[in-house]
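Novice: So I've got this file, target_20.cif, and it contains mmCIF, C-alpha atoms:
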data_start
loop_
_atom_site.group_PDB
_atom_site.id
_atom_site.type_symbol
_atom_site.label_atom_id
_atom_site.label_comp_id
_atom_site.auth_asym_id
_atom_site.auth_seq_id
_atom_site.Cartn_x
_atom_site.Cartn_y
_atom_site.Cartn_z
ATOM 1 C CA MET A 57 0.000 0.000 0.000
ATOM 2 C CA SER A 58 1.111 3.512 -0.689
ATOM 3 C CA ILE A 59 -0.146 7.055 -0.426
ATOM 4 C CA ARG A 60 -0.780 8.476 -3.869
ATOM 5 C CA PRO A 61 -0.591 12.171 -4.763
ATOM 6 C CA LEU A 62 -3.969 13.877 -4.926
ATOM 7 C CA VAL A 63 -5.158 15.603 -8.095
ATOM 8 C CA ILE A 64 -5.918 19.205 -7.117
ATOM 9 C CA LEU A 65 -8.157 21.816 -8.740
ATOM 10 C CA PRO A 66 -7.738 23.240 -11.442
ATOM 11 C CA ASP A 67 -6.281 19.997 -12.890
ATOM 12 C CA SER A 68 -8.456 19.049 -15.883
ATOM 13 C CA GLN A 69 -8.331 15.346 -14.908
ATOM 14 C CA LEU A 70 -11.030 16.160 -12.346
ATOM 15 C CA ARG A 71 -13.451 16.801 -15.234
ATOM 16 C CA LEU A 72 -12.892 13.395 -16.868
ATOM 17 C CA VAL A 73 -15.697 10.848 -16.917
ATOM 18 C CA SER A 74 -14.277 7.668 -15.414
ATOM 19 C CA SER A 75 -14.450 4.314 -17.211
ATOM 20 C CA PRO A 76 -16.225 1.277 -15.774
ATOM 21 C CA VAL A 77 -14.165 -1.437 -14.119
ATOM 22 C CA GLY A 78 -14.377 -4.785 -15.909
ATOM 23 C CA GLU A 79 -12.629 -7.627 -14.145
ATOM 24 C CA ILE A 80 -11.553 -6.965 -10.575
ATOM 25 C CA THR A 81 -7.838 -7.619 -10.889
ATOM 26 C CA ALA A 82 -4.883 -7.408 -8.524
ATOM 27 C CA ASP A 83 -4.283 -3.901 -9.924
ATOM 28 C CA VAL A 84 -7.818 -2.832 -8.945
ATOM 29 C CA ARG A 85 -7.322 -4.292 -5.460
ATOM 30 C CA ARG A 86 -3.993 -2.454 -5.128
ATOM 31 C CA LEU A 87 -5.679 0.764 -6.270
ATOM 32 C CA VAL A 88 -8.366 0.335 -3.588
ATOM 33 C CA ASP A 89 -5.719 -0.296 -0.892
ATOM 34 C CA ASP A 90 -3.801 2.806 -1.990
ATOM 35 C CA MET A 91 -7.003 4.859 -2.100
ATOM 36 C CA PHE A 92 -7.833 3.936 1.511
ATOM 37 C CA GLU A 93 -4.310 4.750 2.654
ATOM 38 C CA THR A 94 -4.432 8.082 0.784
ATOM 39 C CA MET A 95 -7.930 8.913 2.079
ATOM 40 C CA TYR A 96 -7.073 8.144 5.709
ATOM 41 C CA ASP A 97 -3.794 10.064 5.475
ATOM 42 C CA ALA A 98 -5.434 13.197 4.031
ATOM 43 C CA PRO A 99 -7.708 12.792 6.171
ATOM 44 C CA GLY A 100 -11.011 12.378 4.339
ATOM 45 C CA ILE A 101 -14.177 10.291 4.382
ATOM 46 C CA GLY A 102 -14.432 9.557 0.660
ATOM 47 C CA LEU A 103 -12.215 9.311 -2.399
ATOM 48 C CA ALA A 104 -12.843 8.642 -6.084
ATOM 49 C CA ALA A 105 -10.090 7.003 -8.142
ATOM 50 C CA ILE A 106 -9.868 10.028 -10.455
ATOM 51 C CA GLN A 107 -8.692 12.043 -7.448
ATOM 52 C CA VAL A 108 -5.488 9.981 -7.510
ATOM 53 C CA GLY A 109 -5.250 10.233 -11.297
ATOM 54 C CA VAL A 110 -6.936 6.929 -12.197
ATOM 55 C CA PRO A 111 -10.036 7.367 -14.396
ATOM 56 C CA LEU A 112 -11.841 4.239 -13.185
ATOM 57 C CA ARG A 113 -15.260 4.038 -11.519
ATOM 58 C CA VAL A 114 -13.948 3.172 -8.047
ATOM 59 C CA VAL A 115 -14.928 4.891 -4.791
ATOM 60 C CA THR A 116 -13.701 4.355 -1.235
ATOM 61 C CA ILE A 117 -15.714 5.669 1.716
ATOM 62 C CA ASP A 118 -15.463 5.547 5.491
ATOM 63 C CA VAL A 119 -17.883 7.866 7.275
ATOM 64 C CA SER A 120 -17.076 6.427 10.729
ATOM 65 C CA ARG A 121 -14.568 9.215 11.540
ATOM 66 C CA ASP A 122 -13.195 6.865 14.204
ATOM 67 C CA GLU A 123 -9.704 5.462 13.728
ATOM 68 C CA ASP A 124 -10.371 2.602 16.153
ATOM 69 C CA GLY A 125 -13.732 1.716 14.622
ATOM 70 C CA ARG A 126 -13.048 2.196 10.942
ATOM 71 C CA ALA A 127 -15.766 1.020 8.553
ATOM 72 C CA PRO A 128 -14.188 1.062 5.070
ATOM 73 C CA GLN A 129 -16.544 0.594 2.122
ATOM 74 C CA VAL A 130 -15.678 0.050 -1.553
ATOM 75 C CA PHE A 131 -18.043 0.878 -4.399
ATOM 76 C CA ILE A 132 -17.030 -0.314 -7.865
ATOM 77 C CA ASN A 133 -19.066 0.993 -10.818
ATOM 78 C CA PRO A 134 -21.579 2.666 -8.479
ATOM 79 C CA GLU A 135 -24.765 4.049 -9.976
ATOM 80 C CA ILE A 136 -27.572 5.939 -8.318
ATOM 81 C CA LEU A 137 -30.856 4.133 -8.913
ATOM 82 C CA LYS A 138 -33.169 6.271 -6.831
ATOM 83 C CA VAL A 139 -33.093 9.597 -4.965
ATOM 84 C CA SER A 140 -35.542 10.985 -2.422
ATOM 85 C CA ASP A 141 -37.578 14.128 -2.981
ATOM 86 C CA GLU A 142 -36.526 15.236 0.491
ATOM 87 C CA VAL A 143 -33.227 17.126 0.598
ATOM 88 C CA SER A 144 -30.491 17.631 3.183
ATOM 89 C CA THR A 145 -27.803 20.251 3.419
ATOM 90 C CA TYR A 146 -24.297 19.376 4.578
ATOM 91 C CA GLU A 147 -21.095 21.347 4.631
ATOM 92 C CA GLU A 148 -18.970 19.565 2.042
ATOM 93 C CA GLY A 149 -15.278 19.661 1.403
ATOM 94 C CA CYS A 150 -13.089 17.817 -1.063
ATOM 95 C CA LEU A 151 -9.562 16.449 -0.904
ATOM 96 C CA SER A 152 -9.056 17.842 -4.435
ATOM 97 C CA ILE A 153 -10.112 21.326 -3.270
ATOM 98 C CA PRO A 154 -8.205 21.503 0.019
ATOM 99 C CA GLU A 155 -9.418 23.634 2.897
ATOM 100 C CA TYR A 156 -12.538 24.882 1.095
ATOM 101 C CA PHE A 157 -15.971 24.046 2.497
ATOM 102 C CA GLU A 158 -19.441 25.047 1.395
ATOM 103 C CA GLU A 159 -23.035 24.112 2.181
ATOM 104 C CA VAL A 160 -24.476 21.828 -0.531
ATOM 105 C CA GLU A 161 -28.063 20.644 -0.858
ATOM 106 C CA ARG A 162 -28.596 17.107 -2.153
ATOM 107 C CA PRO A 163 -31.273 14.417 -1.933
ATOM 108 C CA SER A 164 -31.289 13.105 1.640
ATOM 109 C CA ARG A 165 -31.620 9.434 0.632
ATOM 110 C CA VAL A 166 -30.262 7.428 -2.299
ATOM 111 C CA THR A 167 -30.270 3.852 -3.514
ATOM 112 C CA VAL A 168 -26.976 2.872 -5.139
ATOM 113 C CA ARG A 169 -26.102 -0.289 -7.066
ATOM 114 C CA TYR A 170 -22.425 -1.249 -7.134
ATOM 115 C CA ARG A 171 -19.995 -4.147 -7.174
ATOM 116 C CA ASP A 172 -17.873 -5.054 -4.181
ATOM 117 C CA LEU A 173 -14.257 -6.267 -4.309
ATOM 118 C CA SER A 174 -15.380 -9.856 -4.811
ATOM 119 C CA GLY A 175 -17.325 -8.749 -7.901
ATOM 120 C CA GLU A 176 -20.734 -9.278 -6.322
ATOM 121 C CA THR A 177 -23.465 -6.808 -7.349
ATOM 122 C CA LYS A 178 -25.086 -5.146 -4.342
ATOM 123 C CA GLU A 179 -27.443 -2.307 -3.508
ATOM 124 C CA VAL A 180 -27.379 0.061 -0.567
ATOM 125 C CA ASP A 181 -30.092 2.399 0.687
ATOM 126 C CA ALA A 182 -28.213 5.289 2.229
ATOM 127 C CA ASP A 183 -29.226 8.379 4.142
ATOM 128 C CA GLY A 184 -27.436 11.053 6.137
ATOM 129 C CA ILE A 185 -23.746 11.615 5.573
ATOM 130 C CA LEU A 186 -23.342 8.333 3.664
ATOM 131 C CA ALA A 187 -25.944 9.437 1.093
ATOM 132 C CA THR A 188 -24.193 12.786 0.710
ATOM 133 C CA CYS A 189 -20.755 11.172 0.441
ATOM 134 C CA LEU A 190 -21.943 8.649 -2.164
ATOM 135 C CA GLN A 191 -23.446 11.424 -4.293
ATOM 136 C CA HIS A 192 -20.293 13.551 -3.940
ATOM 137 C CA GLU A 193 -17.978 10.685 -4.968
ATOM 138 C CA ILE A 194 -20.217 9.437 -7.806
ATOM 139 C CA ASP A 195 -20.255 13.022 -9.083
ATOM 140 C CA HIS A 196 -16.436 12.797 -9.261
ATOM 141 C CA LEU A 197 -16.749 9.712 -11.481
ATOM 142 C CA ASN A 198 -18.836 11.841 -13.851
ATOM 143 C CA GLY A 199 -16.470 14.828 -13.877
ATOM 144 C CA ILE A 200 -18.639 16.876 -11.515
ATOM 145 C CA LEU A 201 -17.247 18.677 -8.462
ATOM 146 C CA PHE A 202 -19.159 19.763 -5.375
ATOM 147 C CA ILE A 203 -18.493 23.377 -6.329
ATOM 148 C CA ASP A 204 -20.736 22.785 -9.360
ATOM 149 C CA HIS A 205 -23.622 22.697 -6.856
ATOM 150 C CA ILE A 206 -22.945 26.186 -5.454
ATOM 151 C CA SER A 207 -23.500 29.637 -6.933
ATOM 152 C CA LYS A 208 -21.529 30.629 -10.018
ATOM 153 C CA LEU A 209 -20.030 33.576 -8.134
ATOM 154 C CA LYS A 210 -18.619 31.367 -5.350
ATOM 155 C CA ARG A 211 -17.502 28.691 -7.833
ATOM 156 C CA ASP A 212 -15.665 31.229 -10.022
ATOM 157 C CA ARG A 213 -13.948 32.686 -6.957
ATOM 158 C CA VAL A 214 -12.717 29.243 -5.829
ATOM 159 C CA VAL A 215 -11.516 28.268 -9.314
ATOM 160 C CA ARG A 216 -9.617 31.566 -9.634
ATOM 161 C CA LYS A 217 -7.972 31.041 -6.232
ATOM 162 C CA PHE A 218 -6.816 27.490 -7.039
ATOM 163 C CA THR A 219 -5.718 28.474 -10.563
ATOM 164 C CA LYS A 220 -3.564 31.249 -9.082
ATOM 165 C CA GLN A 221 -2.092 28.822 -6.511
ATOM 166 C CA ALA A 222 -1.254 26.328 -9.275
ATOM 167 C CA ARG A 223 0.358 29.075 -11.368
ATOM 168 C CA ASP A 224 2.383 30.231 -8.351
ATOM 169 C CA ARG A 225 3.523 26.650 -7.609
ATOM 170 C CA ALA A 226 4.582 26.221 -11.249
ATOM 171 C CA LYS A 227 6.685 29.392 -10.972
ATOM 172 C CA GLY A 228 8.194 28.195 -7.705
ATOM 173 C CA VAL A 229 6.482 30.914 -5.653
ATOM 174 C CA ALA A 230 5.409 29.749 -2.195
#
What does the file become when written as structure tokens?

Specialist:
Amino acid sequence: MSIRPLVILPDSQLRLVSSPVGEITADVRRLVDDMFETMYDAPGIGLAAIQVGVPLRVVTIDVSRDEDGRAPQVFINPEILKVSDEVSTYEEGCLSIPEYFEEVERPSRVTVRYRDLSGETKEVDADGILATCLQHEIDHLNGILFIDHISKLKRDRVVRKFTKQARDRAKGVA
């Protein structure tokens, strides 16, 4: 297992639509292990493979927030089957947009079909933070960022800030 570098806004990879996983190979298992190590190190509660530069439909999530009682979950080729009419608002952040948080409204409950690491197709009915996290990470697989759910003014401001930071890093300015 190893910690992989995170893809940070404004990197265009974040706008790629990820490809489905076919066979669950040793490489896919290694990717999942690395994603968990990267996610826990960051620290975060969810990570899509594209956030470590791999355009595959793989998501890791652990909403336990408890190092002693970790509850890692893997979602391969996840798809949202059903969303509730009822909505919830959570303050979201993103490992690819470090230290930026904003209130986002999303359906409060979702049903998601996915494959687990053994290749078995499963469904989960999620609510609360798990429902929000699943929607956030599945958005990543479709090239959508949580800032796409906020006002254009706020989104433009964040993109400008991260673009300037990337330009400064490229020039060697701290």

Novice: Enumerate, as a compact mmCIF listing (two decimals) with C-alpha atoms, keeping the file's coordinate frame, the residues matched when the PyMOL selection byres ((chain A and resi 191-193) around 10) is run on the file above.

Specialist:
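Output file expr_25.txt follows:
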# COMPACT_ATOMS: atom_id res chain seq x y z
CA GLY A 102 -14.43 9.56 0.66
CA LEU A 103 -12.22 9.31 -2.40
CA ALA A 104 -12.84 8.64 -6.08
CA ALA A 105 -10.09 7.00 -8.14
CA ILE A 106 -9.87 10.03 -10.46
CA GLN A 107 -8.69 12.04 -7.45
CA ARG A 113 -15.26 4.04 -11.52
CA VAL A 114 -13.95 3.17 -8.05
CA VAL A 115 -14.93 4.89 -4.79
CA THR A 116 -13.70 4.36 -1.24
CA ILE A 117 -15.71 5.67 1.72
CA PHE A 131 -18.04 0.88 -4.40
CA PRO A 134 -21.58 2.67 -8.48
CA GLU A 135 -24.76 4.05 -9.98
CA ILE A 136 -27.57 5.94 -8.32
CA VAL A 139 -33.09 9.60 -4.96
CA GLU A 148 -18.97 19.57 2.04
CA GLY A 149 -15.28 19.66 1.40
CA CYS A 150 -13.09 17.82 -1.06
CA VAL A 160 -24.48 21.83 -0.53
CA ARG A 162 -28.60 17.11 -2.15
CA PRO A 163 -31.27 14.42 -1.93
CA SER A 164 -31.29 13.10 1.64
CA ARG A 165 -31.62 9.43 0.63
CA VAL A 166 -30.26 7.43 -2.30
CA VAL A 168 -26.98 2.87 -5.14
CA ILE A 185 -23.75 11.62 5.57
CA LEU A 186 -23.34 8.33 3.66
CA ALA A 187 -25.94 9.44 1.09
CA THR A 188 -24.19 12.79 0.71
CA CYS A 189 -20.76 11.17 0.44
CA LEU A 190 -21.94 8.65 -2.16
CA ILE A 194 -20.22 9.44 -7.81
CA ASP A 195 -20.26 13.02 -9.08
CA HIS A 196 -16.44 12.80 -9.26
CA LEU A 197 -16.75 9.71 -11.48
CA ASN A 198 -18.84 11.84 -13.85
CA GLY A 199 -16.47 14.83 -13.88
CA ILE A 200 -18.64 16.88 -11.52
CA LEU A 201 -17.25 18.68 -8.46
CA PHE A 202 -19.16 19.76 -5.38

Novice: Using all atoms listed in the file, which of A:Ser58, A:Ser74, A:Ser152, A:Thr177 sits nearest Asp97 (chain A)?

Specialist: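 Nearest to Asp97 (chain A): A:Ser58.
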
Novice: Tell me which of A:Gln221, A:Ser68, A:Thr81, A:Asn133 sits closest to Glu179 (chain A), counting only C-alpha atoms.

Specialist: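 Of A:Gln221, A:Ser68, A:Thr81, A:Asn133, the one nearest Glu179 (chain A), counting only C-alpha atoms, is A:Asn133.
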
Novice: Show which residues sit within 12 Å of region 208-218 of chain A, as a PyMOL selection string. Count only C-alpha atoms, and ignore same-chain residues fewer than 2 positions away.

Specialist: chain A and resi 64-68+152-159+201-206+220-225

Novice: Return the single residue from A:Pro128, A:Pro76, A:Pro111, A:Pro61 that is closest to Ala98 (chain A), with distances computed using all atoms listed in the file.

Specialist: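 Of A:Pro128, A:Pro76, A:Pro111, A:Pro61, the one nearest Ala98 (chain A) is A:Pro61, counting all atoms listed in the file.
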
Novice: Grab the CA of Leu70 (chain A) to CA of Ala82 (chain A) distance for me, in Å with one decimal place.

Specialist: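 Computing it gives 24.7 Å between the two atoms.
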
Novice: What is the distance, in Å and to one decimal place, between CA of Asp122 (chain A) and CA of Phe92 (chain A)?

Specialist: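 CA of Asp122 (chain A) sits 14.1 Å away from CA of Phe92 (chain A).
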
Novice: Rounded to one decimal in Å, what is the spacing between CA of Met57 (chain A) and CA of Asp90 (chain A)?

Specialist: 5.1 Å

Novice: For Glu93 (chain A), which of A:Glu79, A:Asp183, A:Asp118, A:Asp141 is the closest residue, counting only C-alpha atoms?

Specialist: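 Among the listed residues, the smallest separation from Glu93 (chain A) belongs to A:Asp118.
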
Novice: When distances are computed from only C-alpha atoms, which of A:Thr219, A:Val77, A:Gly175, A:Ser207 shows the smallest separation from Glu161 (chain A)?

Specialist: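 Closest to Glu161 (chain A), using only C-alpha atoms: A:Ser207.
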
Novice: Which of these residues is nearest to Leu151 (chain A), using only C-alpha atoms: A:Gly78, A:Gly100, A:Gly109, A:Gly228?

Specialist: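 Smallest separation from Leu151 (chain A) among the options: A:Gly100.
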
Novice: Hey, can you pull every residue with an atom no more than 12 Å from (-10.4, -8.8, -7.3), using all atoms listed in the file, and send it as a PyMOL selection string?

Specialist: chain A and resi 77-89+130+132+171-176
